[in-house]
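Engineer: Here's a structure for you.
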Amino acid sequence: MDPRPPDPAPAPAQSHRSDAVTAEGDATSTDATTDRLLTAYAWMTLTRHLDEAIRTLWLTGRGVGGTFNQRGHEAISVGAALSLGPDDVVAPMHRDLGCYLVRGMTPRRLVAQQLGRATGVTGGRDANIHGCGDLSLGIIGFISHLPQSLPVAVGAAWAFAHRGEERVVLTFTGDGGAVTGLYAESLNLAALRRAPVVVVVENNRYAYSTPLEQHSANPDIAARTRALGVATVEVDGNEVATVLEAADAAVAEARGGGGPRVIVAHTMRMLGHAIHDGADYVPAELLAASEARDPVARLRSRLTGSGVAPEELDRLDADARARVDDAVEYALASPWPDPATVTDGVWA
Ligand SMILES: Cc1ncc(C[n+]2csc(CCOP(=O)(O)OP(=O)(O)O)c2C)c(N)n1
Ligand SMILES: [Mg+2]
């Protein structure tokens with residue numbers, strides 16, 4: 001038995017009283033917005049620190065398998081997940097660590113998963129984000145073959161509509177995934193059946209090492225999606241307030257029977273595809289530009305600009321760091337899987 005206290009819940013962002021009342025004197029909605037952004041900041045810093053800790057484990061020779069870089073995608077995965085209700089379901093992909101966290105998967109389980117330990121989500125059957133799901137948290141495990149999570153999400157959403165349940169499914173794909181036949185087929189079916197699914201396309205301009213312009217004859221993902229008959233909006237994926245606003249609207253519309261909604265969120269990976277990838281093929285000026293658009297730093301400066309004390313943000317940052325340190329310690333002390341369990345969950 002683990003003598004340590006259970007994985008603590010993230011510190012809720014404290015209610016904030018903004019001094020920056022809007023010109024209209026709308027102090028209440030300003031406070032509400034700031035409080036929500038503080039919540040997003042708490043989750044985004046947790047995602048950032050967790051991603052950095054996992055990278056450090058690999059770079060110091062303690063990693064197993066592989067791990068995908070999250071840096072630059074935090075506003076998308078956190079912002080979209082924060083728009084969901086408790087009964088909704090997500091089918092995240094490999095850059096959505098923030099989404100797993102918001103839905104309640106703890107840093108302890110996630111680090112143990114990444115290290116292939118028995119206490120990880122798949123009990124050591126994978127040492128990556130693949131298959132990392134927990135239906136008790138409304139998280140469908142990520143399917144490695146891209147974008148196979150998409151038809152599963154559409155099927156789940158269609159089932160909700162068929163049963164008359166007002167539940168929404170949120171899923172994600174990349175710009176590479178959005179050029180596949182499965183993307184078009186899944187969205188076509190979703191539109192025909194008015195399935196309540198929200199698809200976030202994380203357009204980071206690369207699919208592994210292939211730039212958008214080399215894998216898409218028409219790189220306008222939103223235009224291609226609208227041509228399928230699906231209502232689509234585009235947002236700056238490095239600006240969490242914009243992601244939240246678009247996701248809130250899309251989830252409400254899908255829940256209200258409006259059918260599928262797609263949000264194309266433009267961002268840029270700030271590192272390579274995965275831990276083994278130094279991104280040498282990305283022009284240095286592009287990487288520098290993405291560093292300058294860091295979604296976490298942008299949110300911090302937006303919040304301080306609207307009157308939040310830097311010490312309050314430092315406190316959220318320190319809480320996130322402490323949770324991650326605890327998770328790393330827990331995972332490193334966790335046992336490897338028992339070989340006797342190797343056939344558990346094998347169906348055929
Ligand atoms: C069907 C399939 N082919 C190849 C891969 C290997 N692979 C994993 S991630 C990836 C890049 C996907 O690019 P994109 O959809 O743009 O998402 P991103 O990684 O940029 O977030 C590839 C090719 C895969 N997982 N599935
Ligand atoms: Mg991509």
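Ordering of the structure tokens sets the chain letters (A, B, ...), residue numbers begin anew at 1 in every chain, and ligands are numbered from 1 in the order given.
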Identify, counting only C-alpha atoms and all ligand atoms, the protein, DNA and RNA residues located within 6 Å of ligand 2, and give them as a VMD selection string.
Structural biologist: chain A and resid 174 to 176 203 to 207
Engineer: Give me the residues within 8 Å of Ala331 of chain A as a VMD selection string, counting only C-alpha atoms and dropping any in the same chain fewer than 4 places off.
Structural biologist: chain A and resid 108 to 109 111 to 112 115 117 119 327
Engineer: Rank A:Ser77, A:Asn128, A:Thr122, A:Gln113 by their smallest atom-to-atom distance to Val199 of chain A, using only C-alpha atoms, and report the top residue only.
Structural biologist: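 Of A:Ser77, A:Asn128, A:Thr122, A:Gln113, the one nearest Val199 of chain A is A:Ser77, counting only C-alpha atoms.
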Engineer: Compile the contact shell of segment 232-245 of chain A as a VMD selection string: residues with an atom at most 9 Å away, counting only C-alpha atoms, same-chain residues fewer than 4 positions apart removed.
Structural biologist: chain A and resid 33 36 to 37 40 to 41 72 to 76 78 to 83 202 to 203 222 to 223 225 to 226 249 to 250 261 to 268 293 to 296 298 to 299
Engineer: Give the answer as one residue: which of A:Arg71, A:Ala42, A:Gly272, A:Gly124 has the shortest atom-to-atom distance to Val102 of chain A, using only C-alpha atoms?
Structural biologist: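 Answer, going by the shortest atom-to-atom distance: A:Ala42.
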Engineer: If I take atom CA of Asp35 of chain A and atom CA of His94 of chain A, how far is one from the other in Å, to one decimal?
Structural biologist: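 These two atoms are separated by 28.3 Å.
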Engineer: DSSP says alpha helix (DSSP H) for which residues of segment 91-283 of chain A? Put them as a ChimeraX atom specification?
Structural biologist: /A:97-102,107-114,149-162,181-192,212-215,221-226,240-253
Engineer: Between A:Leu170, A:Ala274, A:Leu84, A:Leu303, which residue has the minimum interatomic distance to ligand 1, considering only C-alpha atoms and all ligand atoms?
Structural biologist: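 Checking each candidate against ligand 1, we get A:Ala274 as the closest.
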Engineer: Need the shell around Pro107 of chain A: protein/DNA/RNA residues with any atom at most 12 Å away, counting only C-alpha atoms. Skip same-chain ones fewer than 5 positions apart. Format as an NGL selection string?
Structural biologist: :A and (6-10 or 43 or 46-51 or 53-54 or 97-102 or 112-114 or 119-121 or 320-331)
Engineer: Please save N, CA and C atoms of the selected residues as an mmCIF file, in the first residue's frame.
Structural biologist:
data_model
loop_
_atom_site.group_PDB
_atom_site.id
_atom_site.type_symbol
_atom_site.label_atom_id
_atom_site.label_comp_id
_atom_site.auth_asym_id
_atom_site.auth_seq_id
_atom_site.Cartn_x
_atom_site.Cartn_y
_atom_site.Cartn_z
ATOM 1 N N PRO A 6 -3.132 10.447 -1.266
ATOM 2 C CA PRO A 6 -3.581 10.256 -2.654
ATOM 3 C C PRO A 6 -3.178 11.448 -3.504
ATOM 4 N N ASP A 7 -3.099 11.166 -4.794
ATOM 5 C CA ASP A 7 -2.743 12.227 -5.729
ATOM 6 C C ASP A 7 -3.661 13.422 -5.497
ATOM 7 N N PRO A 8 -3.109 14.554 -5.111
ATOM 8 C CA PRO A 8 -3.991 15.669 -4.763
ATOM 9 C C PRO A 8 -4.700 16.253 -5.969
ATOM 10 N N ALA A 9 -5.882 16.777 -5.721
ATOM 11 C CA ALA A 9 -6.611 17.458 -6.805
ATOM 12 C C ALA A 9 -5.870 18.749 -7.116
ATOM 13 N N PRO A 10 -5.952 19.221 -8.370
ATOM 14 C CA PRO A 10 -5.277 20.468 -8.679
ATOM 15 C C PRO A 10 -5.881 21.602 -7.874
ATOM 16 N N TRP A 43 -4.246 24.350 -15.372
ATOM 17 C CA TRP A 43 -4.139 23.099 -16.143
ATOM 18 C C TRP A 43 -3.019 23.177 -17.178
ATOM 19 N N LEU A 46 0.278 22.770 -15.480
ATOM 20 C CA LEU A 46 0.428 21.357 -15.081
ATOM 21 C C LEU A 46 0.846 20.526 -16.297
ATOM 22 N N THR A 47 0.188 20.778 -17.425
ATOM 23 C CA THR A 47 0.531 20.061 -18.664
ATOM 24 C C THR A 47 1.979 20.329 -19.062
ATOM 25 N N ARG A 48 2.377 21.601 -18.994
ATOM 26 C CA ARG A 48 3.743 21.976 -19.386
ATOM 27 C C ARG A 48 4.787 21.305 -18.493
ATOM 28 N N HIS A 49 4.562 21.366 -17.180
ATOM 29 C CA HIS A 49 5.544 20.764 -16.264
ATOM 30 C C HIS A 49 5.583 19.245 -16.414
ATOM 31 N N LEU A 50 4.425 18.648 -16.622
ATOM 32 C CA LEU A 50 4.377 17.191 -16.786
ATOM 33 C C LEU A 50 5.132 16.779 -18.049
ATOM 34 N N ASP A 51 4.899 17.497 -19.120
ATOM 35 C CA ASP A 51 5.580 17.204 -20.385
ATOM 36 C C ASP A 51 7.092 17.358 -20.214
ATOM 37 N N ALA A 53 8.806 17.124 -17.433
ATOM 38 C CA ALA A 53 9.330 16.071 -16.552
ATOM 39 C C ALA A 53 9.485 14.760 -17.319
ATOM 40 N N ILE A 54 8.513 14.466 -18.181
ATOM 41 C CA ILE A 54 8.580 13.224 -18.963
ATOM 42 C C ILE A 54 9.778 13.293 -19.923
ATOM 43 N N LEU A 97 -2.204 15.740 -23.785
ATOM 44 C CA LEU A 97 -1.945 15.453 -22.371
ATOM 45 C C LEU A 97 -2.834 16.329 -21.479
ATOM 46 N N GLY A 98 -2.998 17.590 -21.868
ATOM 47 C CA GLY A 98 -3.823 18.509 -21.079
ATOM 48 C C GLY A 98 -5.264 18.049 -20.975
ATOM 49 N N CYS A 99 -5.764 17.439 -22.039
ATOM 50 C CA CYS A 99 -7.143 16.946 -22.047
ATOM 51 C C CYS A 99 -7.294 15.781 -21.064
ATOM 52 N N TYR A 100 -6.335 14.867 -21.059
ATOM 53 C CA TYR A 100 -6.378 13.745 -20.105
ATOM 54 C C TYR A 100 -6.420 14.299 -18.675
ATOM 55 N N LEU A 101 -5.588 15.307 -18.414
ATOM 56 C CA LEU A 101 -5.514 15.870 -17.054
ATOM 57 C C LEU A 101 -6.831 16.525 -16.653
ATOM 58 N N VAL A 102 -7.360 17.359 -17.538
ATOM 59 C CA VAL A 102 -8.616 18.056 -17.225
ATOM 60 C C VAL A 102 -9.727 17.049 -16.944
ATOM 61 N N ALA A 112 3.397 7.046 -14.659
ATOM 62 C CA ALA A 112 3.572 5.585 -14.561
ATOM 63 C C ALA A 112 3.273 4.923 -15.909
ATOM 64 N N GLN A 113 2.286 5.431 -16.618
ATOM 65 C CA GLN A 113 1.963 4.921 -17.957
ATOM 66 C C GLN A 113 3.159 5.114 -18.890
ATOM 67 N N GLN A 114 3.691 6.334 -18.872
ATOM 68 C CA GLN A 114 4.806 6.633 -19.774
ATOM 69 C C GLN A 114 6.046 5.813 -19.438
ATOM 70 N N THR A 119 1.391 0.459 -12.405
ATOM 71 C CA THR A 119 0.414 1.445 -11.925
ATOM 72 C C THR A 119 -0.028 2.411 -13.030
ATOM 73 N N GLY A 120 0.496 2.220 -14.234
ATOM 74 C CA GLY A 120 0.084 3.066 -15.353
ATOM 75 C C GLY A 120 -1.296 2.689 -15.854
ATOM 76 N N VAL A 121 -1.816 3.492 -16.725
ATOM 77 C CA VAL A 121 -3.205 3.323 -17.190
ATOM 78 C C VAL A 121 -3.403 1.968 -17.866
ATOM 79 N N ALA A 320 1.613 23.156 -9.503
ATOM 80 C CA ALA A 320 1.733 22.233 -10.638
ATOM 81 C C ALA A 320 3.063 21.489 -10.559
ATOM 82 N N ARG A 321 4.123 22.226 -10.276
ATOM 83 C CA ARG A 321 5.455 21.615 -10.171
ATOM 84 C C ARG A 321 5.480 20.538 -9.073
ATOM 85 N N ALA A 322 4.858 20.858 -7.938
ATOM 86 C CA ALA A 322 4.846 19.911 -6.809
ATOM 87 C C ALA A 322 4.083 18.639 -7.182
ATOM 88 N N ARG A 323 2.980 18.796 -7.881
ATOM 89 C CA ARG A 323 2.199 17.621 -8.297
ATOM 90 C C ARG A 323 3.011 16.749 -9.247
ATOM 91 N N VAL A 324 3.756 17.394 -10.130
ATOM 92 C CA VAL A 324 4.546 16.638 -11.109
ATOM 93 C C VAL A 324 5.705 15.930 -10.404
ATOM 94 N N ASP A 325 6.375 16.627 -9.474
ATOM 95 C CA ASP A 325 7.479 15.991 -8.729
ATOM 96 C C ASP A 325 6.965 14.752 -8.002
ATOM 97 N N ASP A 326 5.796 14.895 -7.379
ATOM 98 C CA ASP A 326 5.181 13.777 -6.663
ATOM 99 C C ASP A 326 4.893 12.621 -7.632
ATOM 100 N N ALA A 327 4.413 12.955 -8.814
ATOM 101 C CA ALA A 327 4.052 11.920 -9.794
ATOM 102 C C ALA A 327 5.291 11.163 -10.278
ATOM 103 N N VAL A 328 6.377 11.889 -10.486
ATOM 104 C CA VAL A 328 7.610 11.251 -10.961
ATOM 105 C C VAL A 328 8.141 10.310 -9.885
ATOM 106 N N GLU A 329 8.127 10.793 -8.645
ATOM 107 C CA GLU A 329 8.606 9.963 -7.527
ATOM 108 C C GLU A 329 7.761 8.687 -7.424
ATOM 109 N N TYR A 330 6.457 8.862 -7.523
ATOM 110 C CA TYR A 330 5.523 7.734 -7.433
ATOM 111 C C TYR A 330 5.780 6.726 -8.560
ATOM 112 N N ALA A 331 5.931 7.247 -9.780
ATOM 113 C CA ALA A 331 6.090 6.340 -10.929
ATOM 114 C C ALA A 331 7.412 5.591 -10.860
#
Engineer: Please report the interatomic distance between atom CA of His130 of chain A and atom CA of Thr106 of chain A in Å with one decimal.
Structural biologist: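 Atom CA of Thr106 of chain A lies at a distance of 16.3 Å from atom CA of His130 of chain A.
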Engineer: Find, counting only C-alpha atoms, the residue in A:Gly123, A:Asn218, A:Glu165, A:Pro260 that gets nearest to Ser186 of chain A.
Structural biologist: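 With only C-alpha atoms as the atom set, the closest residue is A:Pro260.
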Engineer: Expressed in Å to a single decimal, how great is the separation between atom 15 (O, counted along the ligand's line) of ligand 1 and atom CA of Leu146 of chain A?
Structural biologist: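 Taking atom 15 (O, counted along the ligand's line) of ligand 1 as the start and atom CA of Leu146 of chain A as the end point, the length is 6.9 Å.
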Engineer: Give me the residues near Ser216 of chain A as a list in words, where near means some atom within 9 Å (using only C-alpha atoms) and where sequence neighbours in that chain fewer than 4 positions away do not count.
Structural biologist: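 Final neighbour list, sorted by chain and number: Asp175, Gly176, Val179, Pro211, Leu212, Asp220 and Ile221 of chain A.
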Engineer: Measuring atom to atom with only C-alpha atoms and all ligand atoms, identify which of A:Val89, A:Ala246, A:Val201, A:Ala254 is nearest to ligand 1.
Structural biologist: A:Val201
